[in-house]
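Listing of upload.txt, compact mmCIF, C-alpha atoms and all ligand atoms
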# COMPACT_ATOMS: atom_id res chain seq x y z
CA MET A 23 212.10 132.10 -41.53
CA THR A 24 213.46 129.58 -39.01
CA PRO A 25 217.26 129.38 -39.03
CA PRO A 26 218.72 126.08 -40.28
CA THR A 27 219.40 123.42 -37.63
CA PRO A 28 223.08 123.56 -36.62
CA ILE A 29 225.21 120.67 -37.84
CA ILE A 30 227.32 118.95 -35.19
CA GLY A 31 230.64 117.21 -35.81
CA VAL A 32 232.03 114.55 -33.47
CA ILE A 33 235.58 113.24 -33.81
CA GLY A 34 236.61 110.12 -31.94
CA LEU A 35 234.00 107.38 -31.67
CA GLY A 36 235.09 105.67 -28.47
CA THR A 37 233.26 105.63 -25.14
CA MET A 38 232.60 109.36 -25.04
CA GLY A 39 232.41 110.36 -28.71
CA LEU A 40 229.78 107.79 -29.64
CA GLY A 41 227.65 108.84 -26.67
CA ILE A 42 228.06 112.53 -27.48
CA ALA A 43 227.05 111.88 -31.10
CA GLN A 44 223.96 110.06 -29.81
CA VAL A 45 223.02 112.97 -27.51
CA TYR A 46 222.94 115.53 -30.36
CA ALA A 47 221.39 113.13 -32.89
CA ALA A 48 218.61 112.26 -30.43
CA ALA A 49 217.84 115.97 -30.11
CA GLY A 50 217.36 116.25 -33.88
CA PHE A 51 220.73 117.71 -34.87
CA PRO A 52 222.43 116.28 -37.98
CA VAL A 53 225.68 114.71 -36.75
CA ILE A 54 228.76 114.06 -38.86
CA ALA A 55 231.19 111.78 -37.02
CA THR A 56 234.47 110.03 -37.60
CA ASP A 57 237.35 108.18 -35.95
CA ALA A 58 240.96 107.69 -37.06
CA HIS A 59 240.54 103.95 -36.51
CA ALA A 60 238.57 102.35 -39.39
CA PRO A 61 236.92 99.61 -37.25
CA ALA A 62 235.63 102.32 -34.88
CA ARG A 63 234.08 104.13 -37.86
CA ASP A 64 232.66 100.98 -39.41
CA SER A 65 231.07 99.77 -36.19
CA ALA A 66 229.79 103.15 -34.97
CA ARG A 67 226.29 102.96 -36.45
CA ASP A 68 225.73 99.44 -35.08
CA ARG A 69 227.10 100.41 -31.67
CA MET A 70 224.80 103.41 -31.49
CA ASP A 71 221.87 101.26 -32.63
CA GLN A 72 222.62 98.75 -29.86
CA ALA A 73 222.67 101.52 -27.26
CA LEU A 74 219.35 102.85 -28.60
CA ALA A 75 217.84 99.35 -28.75
CA ALA A 76 218.67 98.85 -25.07
CA ARG A 77 216.72 102.02 -24.29
CA VAL A 78 213.78 100.79 -26.39
CA SER A 79 213.82 97.48 -24.47
CA ALA A 80 213.89 99.39 -21.19
CA GLY A 81 210.79 101.32 -22.28
CA LYS A 82 212.71 104.61 -22.30
CA LEU A 83 212.61 105.21 -26.06
CA THR A 84 210.18 104.54 -28.89
CA GLU A 85 211.13 102.65 -32.05
CA ALA A 86 210.37 105.83 -33.99
CA ALA A 87 212.82 107.85 -31.87
CA ARG A 88 215.45 105.15 -32.32
CA ALA A 89 215.09 105.31 -36.11
CA ALA A 90 215.01 109.13 -36.09
CA THR A 91 218.21 109.32 -34.03
CA LEU A 92 220.09 106.91 -36.28
CA SER A 93 218.92 108.76 -39.39
CA GLN A 94 220.75 111.91 -38.15
CA LEU A 95 224.13 110.14 -38.09
CA THR A 96 226.56 110.39 -41.01
CA ILE A 97 229.88 108.61 -40.67
CA ALA A 98 232.62 110.51 -42.49
CA GLY A 99 235.83 109.07 -43.92
CA THR A 100 237.68 112.39 -44.15
CA LEU A 101 237.95 115.62 -42.17
CA ALA A 102 236.96 117.60 -45.29
CA GLU A 103 233.40 116.31 -44.78
CA PHE A 104 233.18 118.41 -41.57
CA ALA A 105 233.13 121.67 -43.60
CA PRO A 106 229.40 122.38 -43.02
CA CYS A 107 229.62 121.88 -39.22
CA ASP A 108 228.67 124.70 -36.86
CA LEU A 109 230.14 122.96 -33.80
CA VAL A 110 232.74 120.17 -33.79
CA ILE A 111 233.42 118.27 -30.55
CA GLU A 112 236.56 116.19 -30.29
CA ALA A 113 236.64 113.13 -28.03
CA ILE A 114 239.92 111.63 -29.23
CA VAL A 115 242.91 110.40 -27.23
CA GLU A 116 243.79 112.56 -24.18
CA GLU A 117 247.02 113.99 -25.67
CA ARG A 118 247.57 117.68 -26.14
CA ALA A 119 249.56 117.35 -29.38
CA ALA A 120 246.90 115.10 -30.95
CA LYS A 121 244.08 117.50 -30.06
CA GLN A 122 246.06 120.56 -31.24
CA ASP A 123 246.93 118.84 -34.48
CA LEU A 124 243.29 117.91 -35.10
CA PHE A 125 242.06 121.46 -34.43
CA ARG A 126 244.80 122.89 -36.66
CA GLN A 127 243.49 120.76 -39.52
CA LEU A 128 239.85 121.54 -38.75
CA GLU A 129 240.29 125.30 -38.69
CA THR A 130 241.32 125.23 -42.34
CA ILE A 131 238.16 123.25 -43.15
CA LEU A 132 235.41 124.89 -41.03
CA ARG A 133 233.81 128.29 -41.61
CA PRO A 134 235.53 131.02 -39.53
CA ASP A 135 232.61 131.02 -37.05
CA GLY A 136 232.59 127.23 -36.63
CA ILE A 137 233.21 126.29 -32.99
CA LEU A 138 235.90 123.80 -31.96
CA ALA A 139 235.04 122.11 -28.65
CA THR A 140 237.22 119.71 -26.70
CA ASN A 141 235.95 117.03 -24.32
CA THR A 142 239.30 116.95 -22.52
CA SER A 143 239.29 116.03 -18.83
CA SER A 144 242.73 117.33 -17.93
CA ILE A 145 244.42 119.42 -20.62
CA PRO A 146 244.12 123.23 -20.25
CA VAL A 147 241.78 124.53 -22.95
CA ARG A 148 244.10 127.49 -23.61
CA ASP A 149 246.93 125.03 -24.38
CA ILE A 150 244.81 123.23 -26.97
CA ALA A 151 243.84 126.61 -28.50
CA ALA A 152 247.44 127.88 -28.54
CA GLY A 153 248.98 128.07 -31.97
CA LEU A 154 245.68 128.14 -33.84
CA ALA A 155 244.99 130.99 -36.25
CA HIS A 156 241.65 131.57 -34.45
CA PRO A 157 241.98 130.43 -30.81
CA ALA A 158 238.80 132.42 -29.98
CA ARG A 159 236.66 129.63 -31.49
CA VAL A 160 237.96 127.01 -29.01
CA LEU A 161 236.23 126.02 -25.76
CA ALA A 162 235.59 122.86 -23.75
CA LEU A 163 232.31 120.98 -23.61
CA HIS A 164 233.03 118.37 -20.96
CA PHE A 165 230.52 115.52 -20.94
CA PHE A 166 230.26 112.85 -18.25
CA ASN A 167 230.25 109.11 -18.75
CA PRO A 168 227.89 107.84 -20.10
CA PRO A 169 226.97 111.00 -22.03
CA SER A 170 223.44 109.81 -22.87
CA ALA A 171 222.54 109.36 -19.18
CA MET A 172 224.52 112.08 -17.41
CA LYS A 173 222.66 115.39 -17.41
CA LEU A 174 225.65 117.66 -16.79
CA VAL A 175 227.93 119.32 -19.33
CA GLU A 176 230.69 121.64 -18.10
CA LEU A 177 231.36 124.49 -20.53
CA ALA A 178 234.85 125.88 -20.07
CA PRO A 179 235.95 128.77 -22.24
CA HIS A 180 239.55 129.97 -22.12
CA ASP A 181 240.47 133.65 -21.76
CA GLU A 182 240.19 134.35 -25.48
CA SER A 183 237.01 132.39 -26.28
CA LEU A 184 234.44 134.66 -27.94
CA THR A 185 231.22 135.27 -26.00
CA GLN A 186 229.25 134.57 -29.18
CA HIS A 187 230.79 131.08 -29.39
CA ILE A 188 230.23 130.42 -25.68
CA ASN A 189 226.56 131.36 -26.04
CA THR A 190 226.07 129.32 -29.21
CA ALA A 191 227.69 126.19 -27.74
CA ARG A 192 225.51 126.58 -24.65
CA GLN A 193 222.27 127.11 -26.60
CA ILE A 194 222.84 124.14 -28.89
CA THR A 195 223.81 121.83 -26.03
CA GLU A 196 220.90 122.90 -23.84
CA LYS A 197 218.56 121.88 -26.68
CA THR A 198 219.68 118.28 -26.04
CA GLY A 199 218.20 118.53 -22.52
CA LYS A 200 221.58 118.81 -20.78
CA THR A 201 222.26 121.23 -17.95
CA VAL A 202 225.23 123.31 -19.07
CA ILE A 203 227.32 124.86 -16.29
CA GLN A 204 230.02 127.36 -17.17
CA CYS A 205 233.31 127.03 -15.34
CA PRO A 206 236.84 128.36 -15.56
CA ASP A 207 239.64 126.77 -17.57
CA ARG A 208 241.14 125.35 -14.38
CA PRO A 209 242.35 121.76 -13.69
CA GLY A 210 239.41 119.37 -13.28
CA PHE A 211 236.88 122.11 -14.14
CA ILE A 212 234.25 121.92 -11.35
CA VAL A 213 233.35 118.30 -10.68
CA ASN A 214 236.69 116.53 -10.95
CA ARG A 215 238.33 119.27 -8.86
CA CYS A 216 235.68 119.73 -6.16
CA ALA A 217 235.29 115.94 -5.74
CA ARG A 218 238.92 115.47 -4.66
CA PRO A 219 238.27 115.95 -0.90
CA PHE A 220 235.45 113.39 -1.00
CA TYR A 221 238.08 110.73 -1.69
CA GLY A 222 241.02 112.48 -0.04
CA GLU A 223 239.41 113.01 3.34
CA ALA A 224 238.11 109.44 3.34
CA LEU A 225 241.69 108.28 2.73
CA ALA A 226 242.89 110.56 5.54
CA LEU A 227 240.36 108.91 7.87
CA LEU A 228 241.53 105.51 6.68
CA ALA A 229 245.14 106.50 7.45
CA GLU A 230 243.97 107.37 10.99
CA GLY A 231 242.66 103.84 11.44
CA ARG A 232 238.97 104.18 10.56
CA THR A 233 237.47 101.29 8.62
CA PRO A 234 236.17 101.67 5.04
CA SER A 235 232.79 100.46 6.31
CA ASP A 236 232.55 103.20 9.00
CA ILE A 237 233.55 105.93 6.56
CA ASP A 238 231.14 104.89 3.81
CA ALA A 239 228.29 104.13 6.23
CA ALA A 240 228.66 107.63 7.68
CA MET A 241 228.25 109.20 4.23
CA LEU A 242 225.27 106.96 3.41
CA ALA A 243 223.66 108.11 6.67
CA ALA A 244 224.28 111.71 5.53
CA GLY A 245 222.28 111.06 2.34
CA TYR A 246 225.00 110.12 -0.17
CA ARG A 247 224.09 107.29 -2.54
CA LEU A 248 227.60 105.83 -2.38
CA GLY A 249 230.36 106.29 0.15
CA PRO A 250 233.70 107.64 -1.08
CA LEU A 251 235.53 104.32 -0.91
CA SER A 252 232.71 102.45 -2.66
CA LEU A 253 232.86 105.18 -5.31
CA VAL A 254 236.59 104.52 -5.75
CA ASP A 255 235.73 100.80 -6.07
CA LEU A 256 233.18 101.66 -8.77
CA ILE A 257 235.43 104.01 -10.75
CA GLY A 258 238.57 101.89 -10.28
CA ALA A 259 241.40 102.71 -7.86
CA ASP A 260 243.78 103.02 -10.85
CA ILE A 261 241.59 105.64 -12.54
CA ASN A 262 241.13 107.49 -9.25
CA LEU A 263 244.89 107.40 -8.56
CA ALA A 264 245.67 108.77 -12.04
CA ALA A 265 243.12 111.58 -11.56
CA THR A 266 244.49 112.38 -8.09
CA ARG A 267 248.09 112.44 -9.29
CA GLY A 268 247.10 114.60 -12.27
CA MET A 269 245.32 117.10 -10.03
CA TYR A 270 248.19 117.12 -7.49
CA ALA A 271 250.68 117.97 -10.26
CA ALA A 272 248.38 120.50 -11.94
CA MET A 273 247.83 122.31 -8.62
CA GLY A 274 251.55 122.63 -7.82
CA ASN A 275 251.66 119.62 -5.43
CA HIS A 276 249.36 121.34 -2.95
CA PRO A 277 248.53 119.10 0.03
CA ARG A 278 244.79 119.58 -0.60
CA TYR A 279 245.35 117.09 -3.44
CA HIS A 280 247.70 114.83 -1.48
CA VAL A 281 248.12 111.35 -2.96
CA PHE A 282 247.52 109.09 0.04
CA PRO A 283 249.68 105.94 0.24
CA ALA A 284 246.57 103.80 0.88
CA LEU A 285 245.34 104.56 -2.64
CA GLU A 286 248.73 103.76 -4.17
CA ALA A 287 248.82 100.52 -2.16
CA GLN A 288 245.42 99.46 -3.51
CA VAL A 289 246.65 99.87 -7.07
CA ALA A 290 249.98 98.15 -6.35
CA ALA A 291 248.07 95.20 -4.86
CA GLY A 292 245.74 95.05 -7.89
CA HIS A 293 242.73 95.76 -5.67
CA LEU A 294 241.16 98.07 -8.21
CA GLY A 295 237.55 97.62 -7.11
CA ARG A 296 234.64 96.13 -9.07
CA LYS A 297 236.69 95.45 -12.17
CA SER A 298 239.25 93.33 -10.27
CA GLY A 299 236.75 91.80 -7.83
CA GLN A 300 238.36 93.34 -4.72
CA GLY A 301 238.41 96.94 -3.58
CA PHE A 302 238.42 98.98 -0.38
CA LEU A 303 234.99 97.53 0.36
CA HIS A 304 233.88 95.68 -2.73
CA PRO A 305 232.47 93.00 -2.80
CA ALA A 306 231.23 93.91 0.72
CA GLN A 307 228.69 96.61 1.51
CA PRO A 308 229.13 99.15 4.31
CA GLY A 309 227.82 97.98 7.69
CA PRO A 310 225.79 100.03 10.16
CA ALA A 311 226.67 103.69 10.67
CA PRO A 312 229.16 104.26 13.50
CA ALA A 313 228.26 106.32 16.57
CA ASP A 314 230.23 109.32 15.24
CA ALA A 315 228.76 109.15 11.71
CA ALA A 316 227.61 112.78 11.80
CA GLU A 317 231.12 113.91 12.76
CA ILE A 318 232.69 111.94 9.89
CA ALA A 319 230.20 113.41 7.41
CA LEU A 320 230.77 116.94 8.73
CA ARG A 321 234.53 116.44 8.34
CA ILE A 322 234.25 115.27 4.72
CA GLU A 323 231.68 117.92 3.82
CA SER A 324 233.78 120.67 5.45
CA THR A 325 236.66 119.84 3.13
CA LEU A 326 234.28 119.71 0.13
CA ILE A 327 232.93 123.13 1.16
CA ASN A 328 236.45 124.51 1.49
CA GLU A 329 237.58 123.24 -1.93
CA ALA A 330 234.49 124.76 -3.55
CA HIS A 331 235.35 128.12 -1.98
CA TRP A 332 238.93 127.92 -3.27
CA LEU A 333 237.56 127.32 -6.77
CA LEU A 334 235.02 130.13 -6.39
CA ALA A 335 237.80 132.51 -5.35
CA GLU A 336 239.58 131.79 -8.65
CA GLY A 337 236.63 133.27 -10.57
CA GLY A 338 234.60 132.09 -13.56
CA THR A 339 231.91 130.20 -11.68
CA THR A 340 229.12 130.69 -9.14
CA PRO A 341 227.97 128.92 -5.94
CA ASP A 342 224.81 127.77 -7.74
CA GLY A 343 226.84 126.49 -10.68
CA ILE A 344 229.14 124.51 -8.38
CA ASP A 345 226.20 123.07 -6.40
CA THR A 346 224.34 122.03 -9.56
CA ALA A 347 227.47 120.50 -11.08
CA MET A 348 228.19 118.46 -7.94
CA ARG A 349 224.61 117.20 -7.68
CA LEU A 350 224.38 116.24 -11.37
CA GLY A 351 227.98 115.13 -11.96
CA LEU A 352 228.35 112.97 -8.87
CA ASN A 353 224.76 112.34 -7.75
CA PHE A 354 225.55 114.13 -4.49
CA PRO A 355 222.45 114.87 -2.39
CA ARG A 356 223.55 118.51 -2.04
CA GLY A 357 226.23 120.77 -3.37
CA PRO A 358 228.97 122.25 -1.14
CA PHE A 359 227.23 125.62 -0.70
CA GLU A 360 224.00 123.83 0.26
CA ALA A 361 226.06 121.76 2.73
CA LEU A 362 227.44 125.01 4.17
CA ALA A 363 223.90 126.28 4.71
CA LEU A 364 223.03 122.98 6.39
CA HIS A 365 225.94 122.90 8.84
CA GLY A 366 226.49 126.63 9.33
CA ARG A 367 229.78 128.46 8.85
CA PRO A 368 230.94 128.19 12.51
CA ALA A 369 230.71 124.38 12.53
CA VAL A 370 232.62 124.14 9.25
CA LEU A 371 235.36 126.55 10.35
CA GLN A 372 235.71 124.80 13.72
CA THR A 373 236.03 121.46 11.94
CA LEU A 374 238.74 122.82 9.63
CA ALA A 375 240.58 124.37 12.60
CA ARG A 376 240.45 121.07 14.50
CA LEU A 377 241.75 119.15 11.47
CA HIS A 378 244.49 121.73 10.93
CA ALA A 379 245.64 121.37 14.53
CA ALA A 380 245.66 117.56 14.38
CA ALA A 381 247.22 117.12 10.91
CA PRO A 382 250.90 116.24 10.45
CA GLN A 383 252.89 119.32 9.41
CA PRO A 384 253.08 118.56 5.65
CA LEU A 385 249.29 118.16 5.49
CA LYS A 386 248.22 121.14 7.61
CA ALA A 387 247.64 123.35 4.55
CA ARG A 388 244.86 120.95 3.46
CA TYR A 389 242.68 122.65 6.04
CA THR A 390 243.49 126.35 5.54
CA PRO A 391 240.10 127.99 4.94
CA ALA A 392 239.56 129.57 1.53
CA PRO A 393 239.31 133.37 1.38
CA GLY A 394 235.53 133.48 0.94
CA LEU A 395 234.91 130.98 3.74
CA ALA A 396 237.09 132.30 6.54
N1 LIG B 401 235.97 108.04 -20.45
C1 LIG B 401 235.52 108.99 -19.64
O1 LIG B 401 234.91 108.71 -18.57
C2 LIG B 401 235.69 110.44 -20.01
C3 LIG B 401 234.89 111.41 -19.39
C4 LIG B 401 235.01 112.74 -19.77
C5 LIG B 401 235.96 113.10 -20.73
N2 LIG B 401 236.74 112.12 -21.32
C6 LIG B 401 237.69 112.56 -22.35
O2 LIG B 401 237.11 112.25 -23.62
C7 LIG B 401 238.14 111.94 -24.58
C8 LIG B 401 237.89 110.55 -25.16
O3 LIG B 401 237.85 109.62 -24.12
P1 LIG B 401 237.23 108.15 -24.33
O4 LIG B 401 237.13 107.55 -22.96
O5 LIG B 401 236.02 108.23 -25.20
O6 LIG B 401 238.43 107.47 -25.13
P2 LIG B 401 238.37 106.16 -26.06
O7 LIG B 401 239.73 105.61 -26.06
O8 LIG B 401 237.22 105.28 -25.70
O9 LIG B 401 238.04 106.74 -27.52
C9 LIG B 401 238.93 107.60 -28.22
C10 LIG B 401 238.69 107.37 -29.71
O10 LIG B 401 239.38 108.38 -30.44
C11 LIG B 401 239.99 107.78 -31.57
N3 LIG B 401 241.11 108.62 -31.95
C12 LIG B 401 242.32 108.74 -31.31
N4 LIG B 401 243.07 109.68 -31.94
C13 LIG B 401 242.31 110.17 -32.95
C14 LIG B 401 242.51 111.19 -33.93
N5 LIG B 401 243.65 111.88 -34.00
N6 LIG B 401 241.52 111.44 -34.82
C15 LIG B 401 240.35 110.74 -34.78
N7 LIG B 401 240.11 109.77 -33.88
C16 LIG B 401 241.07 109.50 -32.98
C17 LIG B 401 240.37 106.38 -31.13
O11 LIG B 401 240.49 105.51 -32.26
C18 LIG B 401 239.20 106.01 -30.22
O12 LIG B 401 238.16 105.36 -30.93
C19 LIG B 401 239.45 112.09 -23.83
O13 LIG B 401 239.93 113.39 -24.04
C20 LIG B 401 239.03 111.88 -22.37
O14 LIG B 401 239.92 112.49 -21.46
C21 LIG B 401 236.62 110.82 -20.99
Mind turning this structure into structure tokens?
Amino acid sequence: MTPPTPIIGVIGLGTMGLGIAQVYAAAGFPVIATDAHAPARDSARDRMDQALAARVSAGKLTEAARAATLSQLTIAGTLAEFAPCDLVIEAIVEERAAKQDLFRQLETILRPDGILATNTSSIPVRDIAAGLAHPARVLALHFFNPPSAMKLVELAPHDESLTQHINTARQITEKTGKTVIQCPDRPGFIVNRCARPFYGEALALLAEGRTPSDIDAAMLAAGYRLGPLSLVDLIGADINLAATRGMYAAMGNHPRYHVFPALEAQVAAGHLGRKSGQGFLHPAQPGPAPADAAEIALRIESTLINEAHWLLAEGGTTPDGIDTAMRLGLNFPRGPFEALALHGRPAVLQTLARLHAAAPQPLKARYTPAPGLA
């Protein structure tokens, strides 16, 4: 007898929740979804249909698949309707108390083996689980925006998450075609943490007088689809600043996550990037690669390699996992461990030593090699 198809719950039908609901529904899972805001509930089916229709128009989806996906979606008016769910994913407001409160209500409704997953970007999973009667059923399933297009999902258990729940969440999510990478319950998980030096070292170069065009052109020449400053322009300098400040605070104000004044100045000036019409580079494109492009790329990649080794040293992940996450989460041409193989350890360590020697005193610790790298 084939086991029944797991039922997925999604709470919060904003940017992420609606996309997450679509991902599981498209894979044939029944999805029960809701939002605290009535207009978000009432419009959810139409919004998902519009997203599916765009894929039909682009020739990426058949009409039959569009209808089949929509038929899996049930919009609920109450949390009691989530009782049959095997896995509930919350994508509500990024506030610890709100997420804890929601999970506290859900654990009285779900079966004892029902999994509670959070899509949080910045709140420790163990903090969301704290105070629940069964914290072992809580873990993070961190999707990327837009969930339907981004292949990566970071799976972050906390110390008490049950292996059985970790495996079940992984198996169900892999059936949607996503690549699920396990990572520790650490700030920024893998991608948002290991990406920090991509922006940070570009901002350090900018502070030394290099132009945004030179920096981005160097990374394009090294195979990156977007340079770091163009990526800030795409994401929004305000979003990037908030993420940088959050990581800096979460990592005890370590200089590896230094908040560079140039980023704060962009936000203060309203030069947020594409959304404001003016960014570090936007609306311009990077010019030709400078003569020292390879040196700039080696510098940025050396700091990416170092950060990845610091994360690795904290446990709960693997070099392959980090590489895959960085390729899929950021469209990087190679992960940090692949970059290490490309450049060789001596070149990376020499680069870090040179940067350490040249850095102003408060920033020297940015370039201290991680235990597994030195
Ligand atoms: N936007 C991103 O790029 C991104 C990426 C990864 C993770 N996340 C995380 O996903 C979560 C949702 O982000 P988003 O960008 O989709 O936000 P959003 O503001 O677009 O949507 C949040 C939705 O949740 C609803 N909501 C708020 N409180 C609720 C509650 N108590 N019960 C039910 N519904 C409630 C809101 O009405 C809203 O529709 C956040 O935790 C965020 O950090 C966001």
With ligand LIG 401 (chain B) as the partner and 7 Å as the cut-off, tabulate the residues of chain A that qualify, each row holding the nearest pair of atoms and their distance in Å to one decimal, using all atoms listed in the file, sorted by chain and rising number, as a tab-separated table.
residue	atom	partner	partner_atom	distance
A:Ile33	CA	B:LIG401	C15	5.5
A:Gly34	CA	B:LIG401	O10	3.6
A:Leu35	CA	B:LIG401	O12	4.7
A:Gly36	CA	B:LIG401	O9	3.3
A:Thr37	CA	B:LIG401	O5	3.8
A:Met38	CA	B:LIG401	O5	3.6
A:Gly39	CA	B:LIG401	O5	5.5
A:Thr56	CA	B:LIG401	C15	6.6
A:Asp57	CA	B:LIG401	N7	3.8
A:Ala58	CA	B:LIG401	C15	3.9
A:His59	CA	B:LIG401	O11	4.5
A:Ala62	CA	B:LIG401	O12	5.6
A:Ala113	CA	B:LIG401	C7	3.9
A:Ile114	CA	B:LIG401	O10	3.5
A:Val115	CA	B:LIG401	C12	4.4
A:Glu116	CA	B:LIG401	O13	4.0
A:Ala120	CA	B:LIG401	N5	5.5
A:Lys121	CA	B:LIG401	N5	6.9
A:Leu124	CA	B:LIG401	N5	6.1
A:Asn141	CA	B:LIG401	O2	5.0
A:Thr142	CA	B:LIG401	O13	3.9
A:Ser143	CA	B:LIG401	O14	4.5
A:Ser144	CA	B:LIG401	O14	6.6
A:His164	CA	B:LIG401	C5	6.0
A:Phe165	CA	B:LIG401	C4	5.4
A:Phe166	CA	B:LIG401	C3	5.0
A:Asn167	CA	B:LIG401	O1	4.7
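From CA of Ile188 (chain A) back to CA of Leu352 (chain A), the distance works out to 24.3 Å.
Distances here use only C-alpha atoms; by that measure, the residue among A:Asp108, A:Asp345, A:Asp149, A:Glu360 closest to Gln122 (chain A) is A:Asp149.
The smallest atom-to-atom distance between Leu228 (chain A) and any of A:Met172, A:Ala335, A:Leu163, A:Ile318, using all atoms listed in the file, is found for A:Ile318.
Using only C-alpha atoms, the contacts of Glu317 (chain A) at a cut-off of 12 Å, with sequence neighbours closer than 2 positions omitted, comprise Leu227, Asp236, Ile237, Ala240, Met241, Ala243, Ala244, Ala311, Pro312, Ala313, Asp314, Ala315, Ala319, Leu320, Arg321, Ile322, Glu323, Ser324, His365, Ala369, Val370, Gln372, Thr373, Arg376 and Leu377 of chain A.
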Residue neighbourhood region 269-285 of chain A, 8 Å, all atoms listed in the file, exclusion window fewer than 5 positions, as a compact mmCIF listing (two decimals) with C-alpha atoms, in the coordinates of the input:
# COMPACT_ATOMS: atom_id res chain seq x y z
CA PRO A 209 242.35 121.76 -13.69
CA GLY A 210 239.41 119.37 -13.28
CA ARG A 215 238.33 119.27 -8.86
CA ARG A 218 238.92 115.47 -4.66
CA PRO A 219 238.27 115.95 -0.90
CA GLY A 222 241.02 112.48 -0.04
CA LEU A 225 241.69 108.28 2.73
CA ALA A 226 242.89 110.56 5.54
CA LEU A 228 241.53 105.51 6.68
CA ALA A 229 245.14 106.50 7.45
CA ALA A 259 241.40 102.71 -7.86
CA LEU A 263 244.89 107.40 -8.56
CA PRO A 384 253.08 118.56 5.65
CA LEU A 385 249.29 118.16 5.49
CA LYS A 386 248.22 121.14 7.61
CA ALA A 387 247.64 123.35 4.55
CA ARG A 388 244.86 120.95 3.46
CA TYR A 389 242.68 122.65 6.04
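Reported to one decimal place, the separation of CA of Cys205 (chain A) from CA of Arg192 (chain A) is 12.2 Å.
Across the model, the gap from CA of Ala264 (chain A) to CA of His378 (chain A) is 26.4 Å.
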Select, from A:Ala105, A:Leu177, A:Leu364, A:Val289, the residue with the minimum atom-to-atom distance to Arg208 (chain A), counting all atoms listed in the file.
A:Leu177
For a quick check of understanding, using all atoms listed in the file, which of A:Ile261, A:Ile111, A:Ile344, A:Leu83 has the smallest distance to Gly41 (chain A)?
A:Ile111
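Counting all atoms listed in the file, the residue from A:Pro146, A:Gln204, A:Ala66, A:Gly231 that sits nearest to Asp342 (chain A) is A:Gln204.
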Report as a list in words all protein, DNA and RNA residues lying within 10 Å of Leu395 (chain A), evaluated on only C-alpha atoms, omitting residues in the same chain fewer than 5 positions from it.
Ile327, Asn328, Glu329, Ala330, His331, Trp332, Ala335, Leu362, Arg367, Val370, Leu371 and Thr390 of chain A
Given all atoms listed in the file as the basis, pick out the residue of A:Gly50, A:Gly357, A:Pro382, A:Pro341 nearest to Ile194 (chain A).
A:Gly50
What lies within 9 Å of Thr91 (chain A) using only C-alpha atoms, ignoring chain neighbours under 3 positions off, as a count of residues only?
15
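With only C-alpha atoms taken into account, the protein and nucleic acid residues at most 10 Å from Leu303 (chain A) (excluding it and anything under 4 positions from it in its own chain) are Thr233, Pro234, Ser235, Asp238, Gly249, Leu251, Ser252, Leu253, Val254, Asp255, His293, Gly295, Arg296, Gln307 and Pro308 of chain A.
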